[in-house]
file query39.cif (mmCIF, C-alpha atoms and all ligand atoms)
data_target
#
loop_
_atom_site.label_atom_id
_atom_site.label_comp_id
_atom_site.auth_asym_id
_atom_site.auth_seq_id
_atom_site.Cartn_x
_atom_site.Cartn_y
_atom_site.Cartn_z
CA MET A 24 -10.94 -25.70 -0.31
CA LEU A 25 -9.62 -22.18 0.11
CA THR A 26 -8.84 -20.55 -3.23
CA LEU A 27 -6.49 -17.64 -3.81
CA GLU A 28 -9.44 -15.52 -4.87
CA ARG A 29 -11.32 -16.25 -1.65
CA ALA A 30 -8.22 -15.69 0.49
CA ARG A 31 -7.63 -12.36 -1.22
CA ALA A 32 -11.24 -11.27 -0.70
CA LEU A 33 -11.12 -12.18 2.99
CA ASN A 34 -7.76 -10.50 3.49
CA ASP A 35 -8.95 -7.33 1.80
CA THR A 36 -11.61 -6.91 4.47
CA MET A 37 -8.89 -6.76 7.15
CA ILE A 38 -5.50 -5.80 5.70
CA THR A 39 -5.05 -2.32 4.26
CA GLN A 40 -1.42 -1.42 5.02
CA GLU A 41 0.91 -1.86 2.07
CA HIS A 42 3.74 -3.51 3.98
CA LEU A 43 1.35 -6.09 5.42
CA LYS A 44 -0.08 -6.79 1.98
CA ILE A 45 3.42 -7.34 0.65
CA HIS A 46 4.27 -9.59 3.59
CA ALA A 47 1.12 -11.62 2.90
CA LEU A 48 2.13 -11.98 -0.75
CA ASN A 49 5.68 -12.94 0.17
CA VAL A 50 4.46 -15.66 2.49
CA SER A 51 1.99 -16.75 -0.18
CA TYR A 52 4.78 -17.14 -2.76
CA ALA A 53 6.98 -18.89 -0.26
CA MET A 54 4.18 -21.33 0.50
CA GLY A 55 3.78 -21.93 -3.22
CA ALA A 56 7.46 -22.80 -3.39
CA MET A 57 7.09 -25.17 -0.45
CA ALA A 58 4.03 -26.80 -2.05
CA ARG A 59 6.12 -27.48 -5.16
CA HIS A 60 8.87 -28.82 -2.91
CA PHE A 61 6.44 -31.33 -1.42
CA GLY A 62 4.44 -31.98 -4.58
CA GLU A 63 1.30 -30.49 -3.05
CA ASP A 64 -1.44 -28.15 -4.29
CA VAL A 65 0.35 -24.87 -5.02
CA GLU A 66 -2.69 -22.60 -5.10
CA HIS A 67 -4.05 -24.03 -1.88
CA TRP A 68 -0.80 -23.46 0.00
CA GLU A 69 -0.50 -19.99 -1.51
CA ALA A 70 -4.04 -19.16 -0.40
CA ILE A 71 -3.29 -20.15 3.18
CA GLY A 72 -0.05 -18.19 3.09
CA LEU A 73 -1.89 -15.15 1.84
CA LEU A 74 -4.45 -15.32 4.63
CA HIS A 75 -2.11 -16.21 7.49
CA ASP A 76 -2.00 -12.78 9.17
CA TYR A 77 -5.71 -12.08 8.70
CA ASP A 78 -6.22 -10.36 12.07
CA TYR A 79 -2.77 -8.83 12.54
CA GLU A 80 -3.46 -5.27 11.37
CA LYS A 81 -6.56 -4.84 13.52
CA TYR A 82 -5.32 -6.81 16.53
CA PRO A 83 -1.52 -6.71 16.61
CA ASP A 84 -1.47 -7.37 20.35
CA GLU A 85 -4.03 -10.14 20.13
CA HIS A 86 -2.73 -11.77 16.96
CA LEU A 87 -4.55 -14.96 15.97
CA ARG A 88 -7.19 -14.49 18.66
CA HIS A 89 -9.53 -12.92 16.12
CA THR A 90 -9.03 -15.45 13.36
CA GLU A 91 -10.74 -18.72 14.16
CA ALA A 92 -14.35 -17.56 14.67
CA PRO A 93 -14.61 -15.14 11.74
CA LEU A 94 -12.86 -17.45 9.30
CA LEU A 95 -14.97 -20.45 10.29
CA ALA A 96 -18.06 -18.26 9.97
CA ALA A 97 -16.84 -17.23 6.52
CA GLY A 98 -16.76 -20.88 5.52
CA VAL A 99 -13.01 -21.50 5.71
CA ASP A 100 -12.29 -25.16 6.40
CA PRO A 101 -11.35 -25.99 10.03
CA ASP A 102 -8.10 -27.62 8.83
CA GLU A 103 -7.16 -24.44 7.01
CA VAL A 104 -7.95 -22.32 10.05
CA ARG A 105 -5.86 -24.68 12.16
CA ALA A 106 -2.93 -24.26 9.78
CA ILE A 107 -3.15 -20.49 10.11
CA LEU A 108 -3.32 -20.68 13.90
CA SER A 109 -0.31 -22.99 14.03
CA HIS A 110 2.04 -20.36 12.63
CA GLY A 111 1.86 -18.62 16.00
CA TYR A 112 2.86 -21.76 17.90
CA GLY A 113 4.77 -20.92 21.05
CA ILE A 114 4.29 -17.20 20.38
CA CYS A 115 0.60 -16.50 20.52
CA THR A 116 -1.07 -19.88 20.12
CA ASP A 117 -0.52 -23.39 21.41
CA VAL A 118 -1.47 -25.02 18.12
CA GLU A 119 1.56 -27.07 17.15
CA PRO A 120 2.46 -27.32 13.46
CA VAL A 121 1.99 -30.95 12.49
CA THR A 122 1.57 -31.16 8.72
CA ASN A 123 4.13 -30.17 6.12
CA LEU A 124 1.94 -27.21 5.25
CA GLU A 125 1.84 -26.03 8.85
CA LYS A 126 5.56 -26.49 9.42
CA SER A 127 6.28 -24.65 6.19
CA LEU A 128 4.07 -21.73 7.16
CA PHE A 129 5.70 -21.49 10.58
CA THR A 130 9.15 -21.39 8.97
CA VAL A 131 8.62 -19.10 6.00
CA ASP A 132 6.71 -16.43 7.91
CA GLU A 133 9.89 -15.15 9.53
CA LEU A 134 12.23 -16.32 6.81
CA THR A 135 10.57 -14.19 4.14
CA GLY A 136 11.28 -11.12 6.26
CA ILE A 137 15.01 -11.75 6.07
CA ILE A 138 14.85 -12.57 2.36
CA GLN A 139 12.91 -9.38 1.72
CA ALA A 140 15.49 -7.34 3.63
CA CYS A 141 18.25 -8.94 1.52
CA ALA A 142 16.36 -8.35 -1.72
CA ARG A 143 15.72 -4.70 -0.89
CA MET A 144 19.44 -4.03 -0.85
CA ARG A 145 19.97 -5.41 -4.32
CA PRO A 146 19.23 -3.63 -7.61
CA LYS A 147 17.80 -6.83 -9.04
CA GLY A 148 16.00 -7.88 -5.89
CA ILE A 149 15.82 -11.60 -5.27
CA THR A 150 16.43 -12.53 -8.89
CA ASP A 151 20.21 -12.73 -8.51
CA LEU A 152 20.36 -13.42 -4.78
CA GLU A 153 22.52 -16.46 -4.23
CA VAL A 154 21.89 -18.83 -1.39
CA LYS A 155 25.46 -18.31 -0.21
CA SER A 156 25.06 -14.56 0.20
CA PHE A 157 21.69 -15.03 1.80
CA MET A 158 23.18 -17.39 4.37
CA LYS A 159 25.84 -14.81 5.17
CA LYS A 160 23.14 -12.28 5.96
CA PHE A 161 21.18 -14.90 7.83
CA LYS A 162 24.16 -15.46 10.11
CA ASP A 163 24.81 -11.75 10.56
CA LYS A 164 22.57 -10.98 13.52
CA LYS A 165 22.92 -7.26 13.03
CA PHE A 166 21.36 -7.52 9.57
CA ALA A 167 17.56 -7.26 9.70
CA ALA A 168 17.95 -7.67 13.43
CA LYS A 169 14.20 -7.73 14.04
CA CYS A 170 13.85 -10.97 12.11
CA ASP A 171 14.02 -13.79 14.60
CA ARG A 172 16.54 -16.36 13.36
CA ALA A 173 15.69 -18.69 16.22
CA LEU A 174 12.15 -18.97 14.92
CA VAL A 175 13.37 -19.90 11.44
CA LEU A 176 15.71 -22.49 12.90
CA LYS A 177 12.91 -23.82 15.07
CA GLY A 178 10.88 -24.24 11.88
CA CYS A 179 13.80 -25.99 10.17
CA ALA A 180 14.12 -28.31 13.14
CA MET A 181 10.46 -29.22 12.71
CA ALA A 182 11.38 -30.08 9.16
CA VAL A 183 13.40 -33.02 10.50
CA ARG A 184 10.05 -34.61 11.17
CA PHE A 185 8.60 -33.67 7.80
CA THR A 186 6.73 -36.67 6.50
CA ALA A 187 7.68 -36.42 2.83
CA PRO A 188 9.46 -39.49 1.52
CA GLY A 189 12.96 -40.06 0.19
CA LYS A 190 15.07 -37.27 -1.09
CA ILE A 191 12.69 -34.55 -0.03
CA GLN A 192 12.79 -35.74 3.53
CA GLN A 193 16.58 -35.73 3.45
CA ALA A 194 16.63 -32.26 1.97
CA ALA A 195 14.22 -30.95 4.51
CA ALA A 196 16.08 -32.58 7.35
CA SER A 197 18.91 -30.11 7.31
CA THR A 198 19.73 -26.60 6.30
CA GLY A 199 19.63 -28.20 2.85
CA GLY A 200 15.87 -27.89 3.22
CA LEU A 201 16.26 -24.18 3.66
CA ILE A 202 18.53 -23.94 0.65
CA HIS A 203 16.19 -25.99 -1.48
CA PHE A 204 13.45 -23.63 -0.43
CA LEU A 205 15.47 -20.57 -1.35
CA LYS A 206 16.26 -22.00 -4.73
CA SER A 207 12.68 -22.91 -5.38
CA ILE A 208 11.35 -19.55 -4.33
CA LYS A 209 13.73 -17.84 -6.67
CA THR A 210 12.25 -19.61 -9.61
CA ALA A 211 8.70 -19.96 -8.39
CA ASN A 212 5.73 -17.93 -9.40
CA THR A 213 7.09 -16.09 -12.34
CA PRO A 214 4.56 -17.67 -14.65
CA GLY A 215 0.95 -17.76 -13.66
CA ILE A 216 0.84 -14.86 -11.26
CA ASP A 217 -1.89 -12.34 -11.77
CA ALA A 218 -1.38 -8.72 -12.78
CA ALA A 219 -1.68 -7.19 -9.32
CA GLN A 220 0.79 -9.61 -7.81
CA HIS A 221 3.10 -9.14 -10.72
CA GLN A 222 3.11 -5.42 -10.15
CA ILE A 223 4.17 -5.87 -6.58
CA VAL A 224 6.84 -8.45 -7.28
CA SER A 225 8.20 -6.35 -10.10
CA LEU A 226 8.96 -3.38 -7.89
CA PRO A 227 12.68 -2.89 -8.41
CA HIS A 228 13.52 -3.25 -4.74
CA LEU A 229 11.26 -6.16 -4.08
CA HIS A 230 11.00 -8.45 -7.05
CA LEU A 231 9.81 -11.83 -5.97
CA ILE A 232 10.28 -11.19 -2.29
FE FE B 301 3.25 -13.26 9.02
#

call {"tool": "encode", "arguments": {"input": "query39.cif", "output": "structure tokens"}}
result
Amino acid sequence: MLTLERARALNDTMITQEHLKIHALNVSYAMGAMARHFGEDVEHWEAIGLLHDYDYEKYPDEHLRHTEAPLLAAGVDPDEVRAILSHGYGICTDVEPVTNLEKSLFTVDELTGIIQACARMRPKGITDLEVKSFMKKFKDKKFAAKCDRALVLKGCAMAVRFTAPGKIQQAAASTGGLIHFLKSIKTANTPGIDAAQHQIVSLPHLHLI
């Protein structure tokens, strides 16, 4: 099973640009929050989140076409590689997100961009960002215009088919799922993060996201 340490080592061979490293961390944290949401293995989901854009810096125009072979050769599990490939579904791959992990990755990849843009504008970053004010920015198409809202909503629509039982399924079946996610990411990962990550999340303009 992919560990955070292994994901970090693999990523470090490919990703050098600071903004891409931060994006990888943001998606990693978001995946941790989603793992908690679904009662799954937090570190495993974080590791996959961290590694999800493995080939993007070197091959921005051929994103996810240089992922499968090297990661399989590096011993990453085929299911984990599949999950990574599925976050480009309909964009640069035809691997449809099927599991909760895959649907979460598809959704939070773009969502974290908007959250980060929100957090950057606030002195305390994400720490005092309320869901209500986030949703306002989410609806304002001029704000962080490059972040594709349709992709996030497509991910949320996939959540309707999330397989988790009971309450979680209900929560995920609507924008409530998104809100639950935002709430969980706000509180996630303060304890237990390592020093390097903590440094990045503590940057005044970034905080958690
Ligand atoms: Fe990404």

call {"tool": "closest_residue", "arguments": {"input": "query39.cif", "among": "A:Met37, A:Gly178, A:Tyr82, A:Leu27", "to": "A:Ser51", "atoms": "all atoms listed in the file"}}
result
A:Leu27

call {"tool": "atom_distance", "arguments": {"input": "query39.cif", "atom1": "atom CA of A:Pro120", "atom2": "atom CA of A:Ile38"}}
result
24.2 Å

call {"tool": "residues_around", "arguments": {"input": "query39.cif", "residues": "A:Leu134", "least_positions_apart": "5", "cutoff": "10 Å", "atoms": "all atoms listed in the file", "output": "PyMOL selection string"}}
result
chain A and resi 49-50+53+128-129+139+161+170-172+174-176+178+201+205

call {"tool": "residues_around", "arguments": {"input": "query39.cif", "residues": "A:Asp78", "least_positions_apart": "6", "cutoff": "12 Å", "atoms": "all atoms listed in the file", "output": "PDB file with C-alpha atoms, keeping the file's coordinate frame"}}
result
ATOM      1  CA  LEU A  33     -11.120 -12.180   2.990  1.00  0.00           C
ATOM      2  CA  ASN A  34      -7.760 -10.500   3.490  1.00  0.00           C
ATOM      3  CA  ASP A  35      -8.950  -7.330   1.800  1.00  0.00           C
ATOM      4  CA  THR A  36     -11.610  -6.910   4.470  1.00  0.00           C
ATOM      5  CA  MET A  37      -8.890  -6.760   7.150  1.00  0.00           C
ATOM      6  CA  ILE A  38      -5.500  -5.800   5.700  1.00  0.00           C
ATOM      7  CA  THR A  39      -5.050  -2.320   4.260  1.00  0.00           C
ATOM      8  CA  LEU A  43       1.350  -6.090   5.420  1.00  0.00           C
ATOM      9  CA  ALA A  47       1.120 -11.620   2.900  1.00  0.00           C
ATOM     10  CA  ASP A  84      -1.470  -7.370  20.350  1.00  0.00           C
ATOM     11  CA  GLU A  85      -4.030 -10.140  20.130  1.00  0.00           C
ATOM     12  CA  HIS A  86      -2.730 -11.770  16.960  1.00  0.00           C
ATOM     13  CA  LEU A  87      -4.550 -14.960  15.970  1.00  0.00           C
ATOM     14  CA  ARG A  88      -7.190 -14.490  18.660  1.00  0.00           C
ATOM     15  CA  HIS A  89      -9.530 -12.920  16.120  1.00  0.00           C
ATOM     16  CA  THR A  90      -9.030 -15.450  13.360  1.00  0.00           C
ATOM     17  CA  GLU A  91     -10.740 -18.720  14.160  1.00  0.00           C
ATOM     18  CA  ALA A  92     -14.350 -17.560  14.670  1.00  0.00           C
ATOM     19  CA  PRO A  93     -14.610 -15.140  11.740  1.00  0.00           C
ATOM     20  CA  LEU A  94     -12.860 -17.450   9.300  1.00  0.00           C
ATOM     21  CA  ILE A 107      -3.150 -20.490  10.110  1.00  0.00           C
ATOM     22  CA  LEU A 108      -3.320 -20.680  13.900  1.00  0.00           C
TER      23      LEU A 108
END

call {"tool": "residues_near_point", "arguments": {"input": "query39.cif", "point": "(4.6, -22.5, 2.1)", "cutoff": "10 Å", "atoms": "all atoms listed in the file", "output": "MDAnalysis selection string"}}
result
chainID A and resid 49:61 65 67:73 123:132 204 208

call {"tool": "write_last_selection", "arguments": {"input": "query39.cif", "atoms": "C-alpha atoms", "output": "PDB file, in the frame of the given file"}}
result
ATOM      1  CA  ASN A  49       5.680 -12.940   0.170  1.00  0.00           C
ATOM      2  CA  VAL A  50       4.460 -15.660   2.490  1.00  0.00           C
ATOM      3  CA  SER A  51       1.990 -16.750  -0.180  1.00  0.00           C
ATOM      4  CA  TYR A  52       4.780 -17.140  -2.760  1.00  0.00           C
ATOM      5  CA  ALA A  53       6.980 -18.890  -0.260  1.00  0.00           C
ATOM      6  CA  MET A  54       4.180 -21.330   0.500  1.00  0.00           C
ATOM      7  CA  GLY A  55       3.780 -21.930  -3.220  1.00  0.00           C
ATOM      8  CA  ALA A  56       7.460 -22.800  -3.390  1.00  0.00           C
ATOM      9  CA  MET A  57       7.090 -25.170  -0.450  1.00  0.00           C
ATOM     10  CA  ALA A  58       4.030 -26.800  -2.050  1.00  0.00           C
ATOM     11  CA  ARG A  59       6.120 -27.480  -5.160  1.00  0.00           C
ATOM     12  CA  HIS A  60       8.870 -28.820  -2.910  1.00  0.00           C
ATOM     13  CA  PHE A  61       6.440 -31.330  -1.420  1.00  0.00           C
ATOM     14  CA  VAL A  65       0.350 -24.870  -5.020  1.00  0.00           C
ATOM     15  CA  HIS A  67      -4.050 -24.030  -1.880  1.00  0.00           C
ATOM     16  CA  TRP A  68      -0.800 -23.460   0.000  1.00  0.00           C
ATOM     17  CA  GLU A  69      -0.500 -19.990  -1.510  1.00  0.00           C
ATOM     18  CA  ALA A  70      -4.040 -19.160  -0.400  1.00  0.00           C
ATOM     19  CA  ILE A  71      -3.290 -20.150   3.180  1.00  0.00           C
ATOM     20  CA  GLY A  72      -0.050 -18.190   3.090  1.00  0.00           C
ATOM     21  CA  LEU A  73      -1.890 -15.150   1.840  1.00  0.00           C
ATOM     22  CA  ASN A 123       4.130 -30.170   6.120  1.00  0.00           C
ATOM     23  CA  LEU A 124       1.940 -27.210   5.250  1.00  0.00           C
ATOM     24  CA  GLU A 125       1.840 -26.030   8.850  1.00  0.00           C
ATOM     25  CA  LYS A 126       5.560 -26.490   9.420  1.00  0.00           C
ATOM     26  CA  SER A 127       6.280 -24.650   6.190  1.00  0.00           C
ATOM     27  CA  LEU A 128       4.070 -21.730   7.160  1.00  0.00           C
ATOM     28  CA  PHE A 129       5.700 -21.490  10.580  1.00  0.00           C
ATOM     29  CA  THR A 130       9.150 -21.390   8.970  1.00  0.00           C
ATOM     30  CA  VAL A 131       8.620 -19.100   6.000  1.00  0.00           C
ATOM     31  CA  ASP A 132       6.710 -16.430   7.910  1.00  0.00           C
ATOM     32  CA  PHE A 204      13.450 -23.630  -0.430  1.00  0.00           C
ATOM     33  CA  ILE A 208      11.350 -19.550  -4.330  1.00  0.00           C
TER      34      ILE A 208
END

call {"tool": "atom_distance", "arguments": {"input": "query39.cif", "atom1": "atom CA of A:Val99", "atom2": "atom CA of A:Gly113"}}
result
23.5 Å

call {"tool": "residues_near_point", "arguments": {"input": "query39.cif", "point": "(18.4, -6.4, 4.5)", "cutoff": "10 Å", "atoms": "all atoms listed in the file", "output": "ChimeraX atom specification"}}
result
/A:136-145,157,160-161,165-168,170

call {"tool": "atom_distance", "arguments": {"input": "query39.cif", "atom1": "atom CA of A:Arg29", "atom2": "atom CA of A:Gly98"}}
result
10.1 Å

call {"tool": "closest_residue", "arguments": {"input": "query39.cif", "among": "A:Lys177, A:Lys162, A:His42, A:Lys155", "to": "ligand FE 301 (chain B)", "atoms": "all atoms listed in the file"}}
result
A:His42

call {"tool": "closest_residue", "arguments": {"input": "query39.cif", "among": "A:Leu74, A:Cys179, A:Val104, A:Ala173", "to": "ligand FE 301 (chain B)", "atoms": "all atoms listed in the file"}}
result
A:Leu74

call {"tool": "closest_residue", "arguments": {"input": "query39.cif", "among": "A:Ala32, A:Leu152, A:Ile45, A:Met24", "to": "ligand FE 301 (chain B)", "atoms": "all atoms listed in the file"}}
result
A:Ile45

call {"tool": "axis_aligned_box", "arguments": {"input": "query39.cif", "around": "stretch 96-105 of chain A", "padding_each_side": "3 Å", "output": "AutoDock Vina command-line options"}}
result
--center_x -12.0 --center_y -22.4 --center_z 8.8 --size_x 18.2 --size_y 16.4 --size_z 12.6

call {"tool": "closest_residue", "arguments": {"input": "query39.cif", "among": "A:Glu80, A:Glu133, A:Glu153, A:Asp163", "to": "A:Gln40", "atoms": "all atoms listed in the file"}}
result
A:Glu80

call {"tool": "closest_residue", "arguments": {"input": "query39.cif", "among": "A:His75, A:Lys44, A:Lys81, A:Lys164", "to": "ligand FE 301 (chain B)", "atoms": "only C-alpha atoms and all ligand atoms"}}
result
A:His75
